[in-house]
file target-v2.pdb (PDB, C-alpha atoms)
ATOM      1  CA  MET A 295     152.239  85.866 -29.301
ATOM      2  CA  LEU A 296     153.472  87.159 -32.656
ATOM      3  CA  ILE A 297     153.817  90.697 -31.300
ATOM      4  CA  LEU A 298     155.593  89.405 -28.205
ATOM      5  CA  THR A 299     158.062  87.413 -30.296
ATOM      6  CA  ILE A 300     158.779  90.255 -32.723
ATOM      7  CA  GLY A 301     159.192  92.625 -29.768
ATOM      8  CA  ALA A 302     161.589  90.240 -28.050
ATOM      9  CA  VAL A 303     163.639  89.788 -31.220
ATOM     10  CA  PHE A 304     163.941  93.557 -31.717
ATOM     11  CA  ALA A 305     164.790  94.232 -28.079
ATOM     12  CA  SER A 306     167.399  91.502 -28.248
ATOM     13  CA  LEU A 307     168.830  92.878 -31.524
ATOM     14  CA  LEU A 308     169.265  96.280 -29.903
ATOM     15  CA  PHE A 309     171.440  94.783 -27.206
ATOM     16  CA  ASP A 310     173.477  92.215 -29.037
ATOM     17  CA  ARG A 311     173.107  91.078 -32.625
ATOM     18  CA  ARG A 312     175.280  87.999 -32.480
ATOM     19  CA  ARG A 313     173.645  86.730 -29.349
ATOM     20  CA  THR A 314     170.213  87.292 -30.884
ATOM     21  CA  TRP A 315     171.035  85.216 -33.957
ATOM     22  CA  ALA A 316     172.513  82.527 -31.756
ATOM     23  CA  GLY A 317     169.275  82.447 -29.767
ATOM     24  CA  ILE A 318     167.052  82.323 -32.838
ATOM     25  CA  ARG A 319     169.213  79.609 -34.388
ATOM     26  CA  ARG A 320     169.078  77.587 -31.195
ATOM     27  CA  GLY A 321     165.282  77.935 -30.999
ATOM     28  CA  LEU A 322     164.731  76.951 -34.616
ATOM     29  CA  GLY A 323     167.186  74.074 -34.208
ATOM     30  CA  MET A 324     165.036  72.783 -31.352
ATOM     31  CA  PHE A 325     161.981  73.196 -33.574
ATOM     32  CA  LEU A 326     163.513  71.195 -36.434
ATOM     33  CA  GLY A 327     164.548  68.549 -33.922
ATOM     34  CA  ILE A 328     160.948  67.782 -32.992
ATOM     35  CA  LEU A 329     159.210  68.666 -36.285
ATOM     36  CA  PRO A 330     159.240  65.197 -37.940
ATOM     37  CA  ASP A 331     157.659  63.544 -34.877
ATOM     38  CA  LEU A 332     155.101  66.330 -34.663
ATOM     39  CA  LEU A 333     154.085  65.970 -38.298
ATOM     40  CA  VAL A 334     153.432  62.251 -37.964
ATOM     41  CA  VAL A 335     151.510  62.652 -34.691
ATOM     42  CA  LEU A 336     149.400  65.528 -35.989
ATOM     43  CA  ILE A 337     148.523  63.734 -39.199
ATOM     44  CA  ALA A 338     147.485  60.596 -37.305
ATOM     45  CA  ALA A 339     145.428  62.600 -34.789
ATOM     46  CA  ALA A 340     143.729  64.709 -37.456
ATOM     47  CA  ALA A 341     142.817  61.709 -39.587
ATOM     48  CA  LEU A 342     141.389  59.921 -36.537
ATOM     49  CA  LEU A 343     139.266  62.916 -35.533
ATOM     50  CA  ALA A 344     138.067  63.577 -39.075
ATOM     51  CA  LEU A 345     136.878  59.990 -39.448
ATOM     52  CA  THR A 346     134.906  60.055 -36.171
ATOM     53  CA  PRO A 347     131.576  61.823 -36.673
ATOM     54  CA  GLU A 348     130.006  63.785 -33.808
ATOM     55  CA  SER A 349     127.040  61.414 -33.626
ATOM     56  CA  VAL A 350     129.416  58.588 -32.688
ATOM     57  CA  MET A 351     130.927  60.748 -29.943
ATOM     58  CA  VAL A 352     127.491  61.578 -28.523
ATOM     59  CA  ARG A 353     126.562  57.882 -28.500
ATOM     60  CA  LEU A 354     129.798  56.922 -26.697
ATOM     61  CA  LEU A 355     129.547  59.688 -24.091
ATOM     62  CA  GLY A 356     125.838  59.101 -23.503
ATOM     63  CA  LYS A 357     123.076  61.490 -22.632
ATOM     64  CA  GLY A 358     122.957  62.710 -19.053
ATOM     65  CA  SER A 359     125.513  62.040 -16.342
ATOM     66  CA  SER A 360     126.736  58.486 -15.837
ATOM     67  CA  LEU A 361     129.896  56.730 -14.710
ATOM     68  CA  ALA A 362     130.063  54.978 -18.070
ATOM     69  CA  GLY A 363     129.927  58.364 -19.776
ATOM     70  CA  ILE A 364     132.710  59.712 -17.551
ATOM     71  CA  ALA A 365     134.871  56.661 -18.250
ATOM     72  CA  ALA A 366     134.278  56.973 -22.002
ATOM     73  CA  ALA A 367     135.038  60.712 -21.870
ATOM     74  CA  ALA A 368     138.294  60.075 -19.998
ATOM     75  CA  ILE A 369     139.445  57.434 -22.485
ATOM     76  CA  ILE A 370     138.482  59.380 -25.612
ATOM     77  CA  GLY A 371     139.913  62.617 -24.201
ATOM     78  CA  SER A 372     143.199  60.906 -23.355
ATOM     79  CA  ILE A 373     143.682  59.387 -26.785
ATOM     80  CA  ALA A 374     142.440  62.278 -28.880
ATOM     81  CA  LEU A 375     144.567  65.315 -29.659
ATOM     82  CA  VAL A 376     142.368  68.276 -30.542
ATOM     83  CA  PRO A 377     143.446  71.929 -30.826
ATOM     84  CA  GLY A 378     141.620  74.209 -28.369
ATOM     85  CA  PHE A 379     139.778  76.140 -31.051
ATOM     86  CA  ILE A 380     138.180  72.887 -32.217
ATOM     87  CA  ALA A 381     137.775  71.288 -28.778
ATOM     88  CA  PHE A 382     135.512  73.926 -27.223
ATOM     89  CA  PRO A 383     133.069  74.258 -30.129
ATOM     90  CA  LEU A 384     132.969  70.442 -30.215
ATOM     91  CA  ALA A 385     132.235  70.358 -26.468
ATOM     92  CA  ALA A 386     129.427  72.882 -26.954
ATOM     93  CA  VAL A 387     127.909  70.723 -29.703
ATOM     94  CA  LEU A 388     128.141  67.644 -27.475
ATOM     95  CA  HIS A 389     126.420  69.544 -24.646
ATOM     96  CA  ARG A 390     123.613  70.672 -26.950
ATOM     97  CA  ASN A 391     123.131  67.036 -27.905
ATOM     98  CA  GLY A 392     122.516  66.049 -24.290
ATOM     99  CA  VAL A 393     125.973  65.143 -22.945
ATOM    100  CA  SER A 394     126.148  66.369 -19.330
ATOM    101  CA  LEU A 395     128.634  69.000 -18.149
ATOM    102  CA  ASP A 396     130.596  66.765 -15.762
ATOM    103  CA  VAL A 397     131.233  64.328 -18.627
ATOM    104  CA  ILE A 398     132.314  67.284 -20.766
ATOM    105  CA  ALA A 399     134.610  68.522 -17.978
ATOM    106  CA  VAL A 400     136.350  65.128 -17.921
ATOM    107  CA  PHE A 401     136.583  65.111 -21.713
ATOM    108  CA  ILE A 402     138.105  68.605 -21.822
ATOM    109  CA  THR A 403     140.471  68.040 -18.902
ATOM    110  CA  THR A 404     141.858  64.798 -20.325
ATOM    111  CA  LEU A 405     142.152  66.452 -23.740
ATOM    112  CA  MET A 406     144.208  69.228 -22.185
ATOM    113  CA  MET A 407     146.349  67.268 -19.730
ATOM    114  CA  VAL A 408     146.659  63.713 -21.043
ATOM    115  CA  GLY A 409     148.188  63.046 -24.433
ATOM    116  CA  ILE A 410     148.543  59.427 -25.482
ATOM    117  CA  VAL A 411     149.244  60.206 -29.144
ATOM    118  CA  THR A 412     151.801  62.818 -28.096
ATOM    119  CA  LEU A 413     153.630  60.370 -25.788
ATOM    120  CA  PRO A 414     156.304  59.741 -28.462
ATOM    121  CA  ILE A 415     157.022  63.497 -28.331
ATOM    122  CA  GLU A 416     156.781  63.846 -24.553
ATOM    123  CA  ARG A 417     159.162  60.951 -23.932
ATOM    124  CA  LYS A 418     161.835  62.612 -26.059
ATOM    125  CA  TYR A 419     161.909  65.387 -23.467
ATOM    126  CA  PHE A 420     161.189  63.488 -20.250
ATOM    127  CA  GLY A 421     161.835  59.807 -20.976
ATOM    128  CA  TRP A 422     159.162  57.100 -20.954
ATOM    129  CA  LYS A 423     158.908  56.710 -17.206
ATOM    130  CA  ILE A 424     158.206  60.334 -16.312
ATOM    131  CA  ALA A 425     155.934  60.809 -19.334
ATOM    132  CA  LEU A 426     153.846  57.797 -18.314
ATOM    133  CA  TYR A 427     153.743  58.929 -14.682
ATOM    134  CA  ARG A 428     152.604  62.435 -15.632
ATOM    135  CA  ASN A 429     149.933  61.162 -17.987
ATOM    136  CA  GLY A 430     148.719  58.523 -15.515
ATOM    137  CA  LEU A 431     148.434  61.051 -12.687
ATOM    138  CA  SER A 432     146.753  63.561 -14.996
ATOM    139  CA  PHE A 433     144.235  60.888 -16.029
ATOM    140  CA  ALA A 434     143.338  60.255 -12.375
ATOM    141  CA  GLY A 435     143.302  64.009 -11.748
ATOM    142  CA  ALA A 436     140.912  64.606 -14.644
ATOM    143  CA  LEU A 437     138.510  62.004 -13.225
ATOM    144  CA  ALA A 438     138.656  63.816  -9.860
ATOM    145  CA  VAL A 439     137.917  67.129 -11.615
ATOM    146  CA  GLY A 440     134.894  65.579 -13.333
ATOM    147  CA  LEU A 441     133.500  64.095 -10.136
ATOM    148  CA  LEU A 442     133.929  67.397  -8.269
ATOM    149  CA  MET A 443     132.308  69.291 -11.145
ATOM    150  CA  GLY A 444     129.400  66.870 -10.878
ATOM    151  CA  LEU A 445     128.956  67.857  -7.238
ATOM    152  CA  PHE A 446     128.888  71.579  -7.995
ATOM    153  CA  LEU A 447     126.928  71.693 -11.238
TER     154      LEU A 447
ATOM    155  CA  MET B 176     172.904  69.248 -40.401
ATOM    156  CA  ARG B 177     172.778  65.495 -40.455
ATOM    157  CA  ILE B 178     169.375  63.998 -41.195
ATOM    158  CA  SER B 179     168.719  60.568 -39.720
ATOM    159  CA  THR B 180     166.926  57.847 -41.693
ATOM    160  CA  THR B 181     164.030  57.680 -39.215
ATOM    161  CA  ASN B 182     163.411  61.373 -39.827
ATOM    162  CA  VAL B 183     163.431  60.787 -43.582
ATOM    163  CA  VAL B 184     160.733  58.133 -43.045
ATOM    164  CA  LYS B 185     158.694  60.563 -40.926
ATOM    165  CA  TYR B 186     158.888  63.321 -43.528
ATOM    166  CA  ALA B 187     158.023  60.747 -46.205
ATOM    167  CA  ILE B 188     154.858  59.811 -44.262
ATOM    168  CA  ALA B 189     153.873  63.491 -44.256
ATOM    169  CA  VAL B 190     154.507  63.828 -48.001
ATOM    170  CA  ILE B 191     152.552  60.632 -48.774
ATOM    171  CA  PHE B 192     149.677  61.919 -46.619
ATOM    172  CA  VAL B 193     149.573  65.225 -48.505
ATOM    173  CA  ALA B 194     149.705  63.363 -51.823
ATOM    174  CA  GLY B 195     146.847  61.135 -50.610
ATOM    175  CA  VAL B 196     144.737  64.164 -49.700
ATOM    176  CA  ILE B 197     145.383  65.765 -53.089
ATOM    177  CA  LEU B 198     144.402  62.548 -54.899
ATOM    178  CA  SER B 199     141.289  62.251 -52.689
ATOM    179  CA  ARG B 200     140.182  65.738 -53.649
ATOM    180  CA  ARG B 201     140.802  65.025 -57.309
ATOM    181  CA  PHE B 202     138.789  61.805 -57.308
ATOM    182  CA  GLY B 203     136.221  62.778 -54.660
ATOM    183  CA  PHE B 204     137.235  60.221 -52.001
ATOM    184  CA  ALA B 205     135.269  61.582 -48.999
ATOM    185  CA  PRO B 206     137.299  60.186 -46.029
ATOM    186  CA  GLY B 207     140.507  61.467 -47.611
ATOM    187  CA  ILE B 208     139.023  64.915 -48.072
ATOM    188  CA  ALA B 209     137.777  64.951 -44.442
ATOM    189  CA  ALA B 210     141.189  63.875 -43.125
ATOM    190  CA  GLY B 211     142.813  66.619 -45.183
ATOM    191  CA  ARG B 212     140.460  69.290 -43.905
ATOM    192  CA  GLY B 213     140.955  68.114 -40.302
ATOM    193  CA  SER B 214     144.733  68.045 -40.508
ATOM    194  CA  ARG B 215     144.801  71.546 -41.957
ATOM    195  CA  ASP B 216     143.509  72.915 -38.619
ATOM    196  CA  PHE B 217     146.048  70.870 -36.652
ATOM    197  CA  LEU B 218     148.979  71.889 -38.812
ATOM    198  CA  LEU B 219     147.816  75.500 -38.728
ATOM    199  CA  GLU B 220     147.792  75.476 -34.949
ATOM    200  CA  MET B 221     151.295  74.046 -34.883
ATOM    201  CA  ALA B 222     152.651  76.349 -37.574
ATOM    202  CA  THR B 223     151.286  79.515 -35.948
ATOM    203  CA  PHE B 224     152.482  78.927 -32.398
ATOM    204  CA  LEU B 225     155.446  76.621 -32.389
ATOM    205  CA  PRO B 226     158.103  78.465 -34.416
ATOM    206  CA  LEU B 227     157.407  81.617 -32.361
ATOM    207  CA  MET B 228     157.530  79.642 -29.147
ATOM    208  CA  PHE B 229     160.875  78.137 -30.095
ATOM    209  CA  VAL B 230     162.369  81.493 -31.095
ATOM    210  CA  LEU B 231     161.352  82.874 -27.687
ATOM    211  CA  VAL B 232     162.802  79.822 -25.948
ATOM    212  CA  GLY B 233     166.049  80.273 -27.884
ATOM    213  CA  LEU B 234     166.241  83.975 -26.974
ATOM    214  CA  PHE B 235     165.474  83.315 -23.321
ATOM    215  CA  ASP B 236     168.128  80.646 -23.387
ATOM    216  CA  VAL B 237     170.851  83.072 -24.409
ATOM    217  CA  TRP B 238     169.670  86.005 -22.289
ATOM    218  CA  LEU B 239     168.243  84.701 -19.018
ATOM    219  CA  PRO B 240     170.926  84.065 -16.429
ATOM    220  CA  ARG B 241     170.598  80.762 -14.608
ATOM    221  CA  LYS B 242     170.901  82.534 -11.253
ATOM    222  CA  LEU B 243     167.756  84.572 -11.882
ATOM    223  CA  ILE B 244     165.585  81.546 -12.707
ATOM    224  CA  GLU B 245     167.069  79.546  -9.859
ATOM    225  CA  LYS B 246     166.336  82.324  -7.391
ATOM    226  CA  HIS B 247     162.730  82.953  -8.435
ATOM    227  CA  VAL B 248     161.422  79.518  -9.405
ATOM    228  CA  GLY B 249     164.082  77.154  -8.016
ATOM    229  CA  SER B 250     163.561  74.772  -5.114
ATOM    230  CA  GLY B 251     164.159  77.528  -2.531
ATOM    231  CA  ALA B 252     161.646  79.936  -4.067
ATOM    232  CA  GLY B 253     158.560  78.713  -2.187
ATOM    233  CA  ILE B 254     154.992  79.525  -3.154
ATOM    234  CA  ARG B 255     156.006  82.755  -4.923
ATOM    235  CA  GLY B 256     157.944  80.645  -7.434
ATOM    236  CA  SER B 257     154.876  78.545  -8.172
ATOM    237  CA  VAL B 258     152.796  81.685  -8.686
ATOM    238  CA  TRP B 259     155.408  82.917 -11.175
ATOM    239  CA  VAL B 260     155.345  79.765 -13.311
ATOM    240  CA  ILE B 261     151.517  79.720 -13.272
ATOM    241  CA  LEU B 262     151.428  83.342 -14.480
ATOM    242  CA  LEU B 263     154.016  82.562 -17.160
ATOM    243  CA  ALA B 264     151.968  79.585 -18.350
ATOM    244  CA  MET B 265     148.690  81.552 -18.341
ATOM    245  CA  LEU B 266     150.121  84.178 -20.673
ATOM    246  CA  GLN B 267     151.051  81.626 -23.296
ATOM    247  CA  ALA B 268     149.077  79.939 -26.043
ATOM    248  CA  GLY B 269     149.192  76.794 -28.083
ATOM    249  CA  PRO B 270     149.128  73.038 -27.568
ATOM    250  CA  LEU B 271     150.728  71.242 -24.609
ATOM    251  CA  TYR B 272     153.590  69.837 -26.673
ATOM    252  CA  GLY B 273     154.675  73.466 -27.124
ATOM    253  CA  ALA B 274     155.302  73.633 -23.378
ATOM    254  CA  PHE B 275     157.853  70.795 -23.360
ATOM    255  CA  PRO B 276     160.706  72.887 -24.835
ATOM    256  CA  VAL B 277     159.939  75.581 -22.248
ATOM    257  CA  ALA B 278     160.087  72.887 -19.555
ATOM    258  CA  HIS B 279     163.499  71.894 -20.903
ATOM    259  CA  LEU B 280     164.662  75.498 -20.688
ATOM    260  CA  LEU B 281     163.278  75.968 -17.152
ATOM    261  CA  TRP B 282     164.960  72.750 -16.055
ATOM    262  CA  LYS B 283     168.266  73.757 -17.643
ATOM    263  CA  LYS B 284     168.167  77.074 -15.803
ATOM    264  CA  GLY B 285     167.500  75.560 -12.395
ATOM    265  CA  CYS B 286     163.709  75.593 -11.974
ATOM    266  CA  SER B 287     162.510  73.151  -9.304
ATOM    267  CA  THR B 288     160.891  69.832 -10.241
ATOM    268  CA  ARG B 289     157.627  70.849  -8.616
ATOM    269  CA  ASN B 290     157.456  74.154 -10.471
ATOM    270  CA  ILE B 291     158.184  72.485 -13.815
ATOM    271  CA  PHE B 292     155.156  70.227 -13.396
ATOM    272  CA  ILE B 293     153.034  73.090 -12.044
ATOM    273  CA  TYR B 294     154.030  74.988 -15.182
ATOM    274  CA  LEU B 295     152.932  72.077 -17.399
ATOM    275  CA  GLY B 296     149.627  71.750 -15.507
ATOM    276  CA  ALA B 297     148.878  75.463 -15.724
ATOM    277  CA  PHE B 298     149.886  75.547 -19.380
ATOM    278  CA  ALA B 299     147.530  72.652 -20.135
ATOM    279  CA  THR B 300     144.513  74.005 -18.290
ATOM    280  CA  MET B 301     144.768  77.732 -17.557
ATOM    281  CA  LYS B 302     146.070  79.556 -20.642
ATOM    282  CA  VAL B 303     144.170  82.844 -20.924
ATOM    283  CA  PRO B 304     143.624  82.681 -24.725
ATOM    284  CA  MET B 305     142.157  79.213 -24.234
ATOM    285  CA  LEU B 306     139.988  80.343 -21.292
ATOM    286  CA  THR B 307     138.388  83.082 -23.406
ATOM    287  CA  PHE B 308     137.464  80.402 -25.911
ATOM    288  CA  GLU B 309     136.120  78.160 -23.176
ATOM    289  CA  ILE B 310     134.002  80.965 -21.682
ATOM    290  CA  GLY B 311     132.619  81.754 -25.123
ATOM    291  CA  PHE B 312     131.487  78.199 -25.805
ATOM    292  CA  LEU B 313     130.780  76.703 -22.379
ATOM    293  CA  GLY B 314     129.987  79.741 -20.255
ATOM    294  CA  LEU B 315     131.708  81.645 -17.459
ATOM    295  CA  ARG B 316     130.353  79.481 -14.635
ATOM    296  CA  PHE B 317     131.598  76.231 -16.148
ATOM    297  CA  SER B 318     135.006  77.696 -17.026
ATOM    298  CA  LEU B 319     135.654  79.285 -13.629
ATOM    299  CA  LEU B 320     134.503  76.183 -11.778
ATOM    300  CA  ARG B 321     136.677  73.928 -13.925
ATOM    301  CA  THR B 322     139.695  76.216 -13.546
ATOM    302  CA  PHE B 323     139.466  76.462  -9.760
ATOM    303  CA  ILE B 324     138.918  72.730  -9.354
ATOM    304  CA  THR B 325     141.775  71.885 -11.732
ATOM    305  CA  LEU B 326     144.287  74.217 -10.038
ATOM    306  CA  PRO B 327     144.708  72.213  -6.792
ATOM    307  CA  VAL B 328     144.587  68.976  -8.813
ATOM    308  CA  PHE B 329     147.606  69.811 -10.978
ATOM    309  CA  ILE B 330     149.486  71.217  -7.990
ATOM    310  CA  ALA B 331     148.906  67.872  -6.251
ATOM    311  CA  ILE B 332     150.184  66.081  -9.372
ATOM    312  CA  ALA B 333     153.325  68.250  -9.310
ATOM    313  CA  VAL B 334     153.908  67.475  -5.622
ATOM    314  CA  VAL B 335     153.575  63.738  -6.318
ATOM    315  CA  MET B 336     155.953  63.992  -9.306
ATOM    316  CA  GLU B 337     158.456  65.816  -7.109
ATOM    317  CA  ALA B 338     158.207  63.067  -4.468
ATOM    318  CA  VAL B 339     158.602  60.347  -7.114
ATOM    319  CA  LEU B 340     161.698  62.042  -8.533
ATOM    320  CA  ARG B 341     163.244  63.049  -5.193
ATOM    321  CA  SER B 342     165.958  60.400  -5.243
ATOM    322  CA  LYS B 343     166.780  60.310  -8.943
ATOM    323  CA  GLY B 344     166.158  63.921  -9.886
ATOM    324  CA  LEU B 345     164.491  65.241 -13.011
ATOM    325  CA  VAL B 346     166.122  65.459 -16.425
ATOM    326  CA  VAL B 347     164.373  67.291 -19.270
ATOM    327  CA  LEU B 348     166.193  66.690 -22.538
ATOM    328  CA  ASP B 349     166.181  68.631 -25.770
ATOM    329  CA  PRO B 350     165.411  66.161 -28.598
ATOM    330  CA  ALA B 351     167.548  68.226 -30.973
ATOM    331  CA  ASP B 352     170.608  67.428 -28.819
ATOM    332  CA  GLU B 353     169.793  63.735 -28.805
ATOM    333  CA  ARG B 354     169.966  63.753 -32.591
ATOM    334  CA  LYS B 355     173.417  65.314 -32.684
ATOM    335  CA  GLU B 356     174.953  62.687 -30.435
TER     336      GLU B 356
END
call {"tool": "encode", "arguments": {"input": "target-v2.pdb", "output": "structure tokens"}}
result
Amino acid sequence: MLILTIGAVFASLLFDRRRTWAGIRRGLGMFLGILPDLLVVLIAAAALLALTPESVMVRLLGKGSSLAGIAAAAIIGSIALVPGFIAFPLAAVLHRNGVSLDVIAVFITTLMMVGIVTLPIERKYFGWKIALYRNGLSFAGALAVGLLMGLFL
Amino acid sequence: MRISTTNVVKYAIAVIFVAGVILSRRFGFAPGIAAGRGSRDFLLEMATFLPLMFVLVGLFDVWLPRKLIEKHVGSGAGIRGSVWVILLAMLQAGPLYGAFPVAHLLWKKGCSTRNIFIYLGAFATMKVPMLTFEIGFLGLRFSLLRTFITLPVFIAIAVVMEAVLRSKGLVVLDPADERKE
């Protein structure tokens, strides 16, 4: 990603310096536009995750496959915001502690596709209605993914 | 640049949080220390991907002609257009909120509603850097199965979103513009 960006900036500079700076300024302007919301959301999400120990997660998700476990996974996954490099190790730990793979699939899919804490950010781009629609459909979709995974695993 | 009062409040929350973490470390307040350690990972993820992502978006904005995007991923582009946005999404990295500015750019340049939501779905679930992580921790079988089950699901979501928005049309704003107005 870093290499790609540096490469793009250099290639762009070769062609047109003024246009390059205009592009970079526009990009960073967009970044500053969303930064304050991001900071608040990230802090809230991180604090929430840090204060929830893994044992609590295992208890909520349950050992083995169950509809209650899938429902809990969908709700927790939708609310939580967890970076990928924390989410997958966490999922592996949950699996080692007896949480079944279809429950984990629902947890991961909702984590990736549904973002309740990031709704304030999403609605700034799409508006409330579309953001809610997308998240609602993704929630249902994640449940479908989990059920199908259950059939195959 | 004009800074609105709500943004001042938001930055103030961040500063108070950092101050709280520092005090927690000084006086050994365990929950505060845990929250600080957790947020470091989150902020790191944001700080490593997002500025780069936005610079790329800005560059693409000034260089990519609208006609090109419209032709390849617009409403007349068919399945090939969807394949393009999925490939674009797979090559990227970072959290889903990093895809929203790209969605804004795609929309601005004439990408179809369906392909914008296919892009978001693929970005959320099929990024290659993320898949390597998933394979490492949950195994190849699980990751492939999940990917191939999720693919038709997010395409279906995109088709539904397109149907929902058929009459009104989709608008993807840039929050930075909203602030200027």
call {"tool": "interface_residues", "arguments": {"input": "target-v2.pdb", "of": "chain B", "to": "chain A", "cutoff": "7 Å", "atoms": "all atoms listed in the file", "output": "JSON, numbers by chain"}}
result
{"B": [182, 185, 186, 188, 189, 206, 209, 210, 213, 214, 217, 218, 220, 226, 227, 229, 230, 231, 232, 233, 234, 236, 237, 270, 275, 296, 299, 300, 305, 308, 309, 312, 313, 321, 324, 325, 328, 332, 346, 347, 348, 349, 350, 351]}
call {"tool": "closest_residue", "arguments": {"input": "target-v2.pdb", "among": "A:Leu441, A:Glu348, A:Arg312, A:Pro414", "to": "Leu361 of chain A", "atoms": "all atoms listed in the file"}}
result
A:Leu441
call {"tool": "residues_near_point", "arguments": {"input": "target-v2.pdb", "point": "(135.3, 55.3, -24.4)", "cutoff": "12 Å", "atoms": "all atoms listed in the file", "output": "ChimeraX atom specification"}}
result
/A:350-356,361-374,397,400-401
call {"tool": "closest_residue", "arguments": {"input": "target-v2.pdb", "among": "B:Val190, B:Phe298, B:Thr288, B:Leu263", "to": "Val339 of chain B", "atoms": "all atoms listed in the file"}}
result
B:Thr288
call {"tool": "atom_distance", "arguments": {"input": "target-v2.pdb", "atom1": "atom CA of Val303 of chain B", "atom2": "atom CA of Gln267 of chain B"}}
result
7.4 Å
call {"tool": "atom_distance", "arguments": {"input": "target-v2.pdb", "atom1": "atom CA of His279 of chain B", "atom2": "atom CA of Phe304 of chain A"}}
result
24.2 Å
call {"tool": "axis_aligned_box", "arguments": {"input": "target-v2.pdb", "around": "segment 385-396 of chain A", "padding_each_side": "8 Å", "output": "lines of an AutoDock Vina configuration file"}}
result
center_x = 127.4
center_y = 69.0
center_z = -22.7
size_x = 25.7
size_y = 23.7
size_z = 29.9
call {"tool": "residues_near_point", "arguments": {"input": "target-v2.pdb", "point": "(143.2, 64.7, -51.3)", "cutoff": "12 Å", "atoms": "all atoms listed in the file", "output": "list in words"}}
result
Val190, Ile191, Phe192, Val193, Ala194, Gly195, Val196, Ile197, Leu198, Ser199, Arg200, Arg201, Phe202, Gly203, Phe204, Ala205, Pro206, Gly207, Ile208, Ala209, Ala210, Gly211, Arg212, Gly213, Ser214 and Arg215 of chain B
call {"tool": "atom_distance", "arguments": {"input": "target-v2.pdb", "atom1": "atom CA of Gly269 of chain B", "atom2": "atom CA of Leu219 of chain B"}}
result
10.8 Å
call {"tool": "residues_around", "arguments": {"input": "target-v2.pdb", "residues": "Gly253 of chain B", "least_positions_apart": "5", "cutoff": "10 Å", "atoms": "only C-alpha atoms", "output": "count of residues only"}}
result
5
call {"tool": "resolve_selection", "arguments": {"input": "target-v2.pdb", "expression": "the PyMOL selection byres ((chain A and resi 357) around 7)", "output": "list in words"}}
result
Leu355, Gly356, Gly358, Ser359, Gly392, Val393 and Ser394 of chain A
call {"tool": "write_last_selection", "arguments": {"input": "target-v2.pdb", "atoms": "C-alpha atoms", "output": "PDB file, keeping the file's coordinate frame"}}
result
ATOM      1  CA  LEU A 355     129.547  59.688 -24.091  1.00  0.00           C
ATOM      2  CA  GLY A 356     125.838  59.101 -23.503  1.00  0.00           C
ATOM      3  CA  GLY A 358     122.957  62.710 -19.053  1.00  0.00           C
ATOM      4  CA  SER A 359     125.513  62.040 -16.342  1.00  0.00           C
ATOM      5  CA  GLY A 392     122.516  66.049 -24.290  1.00  0.00           C
ATOM      6  CA  VAL A 393     125.973  65.143 -22.945  1.00  0.00           C
ATOM      7  CA  SER A 394     126.148  66.369 -19.330  1.00  0.00           C
TER       8      SER A 394
END
call {"tool": "residues_around", "arguments": {"input": "target-v2.pdb", "residues": "Leu266 of chain B", "least_positions_apart": "4", "cutoff": "8 Å", "atoms": "only C-alpha atoms", "output": "list in words"}}
result
Leu262, Lys302, Val303 and Pro304 of chain B
call {"tool": "closest_residue", "arguments": {"input": "target-v2.pdb", "among": "B:Ala268, B:Ile291, B:Met228, B:Leu239", "to": "Gly256 of chain B", "atoms": "all atoms listed in the file"}}
result
B:Ile291
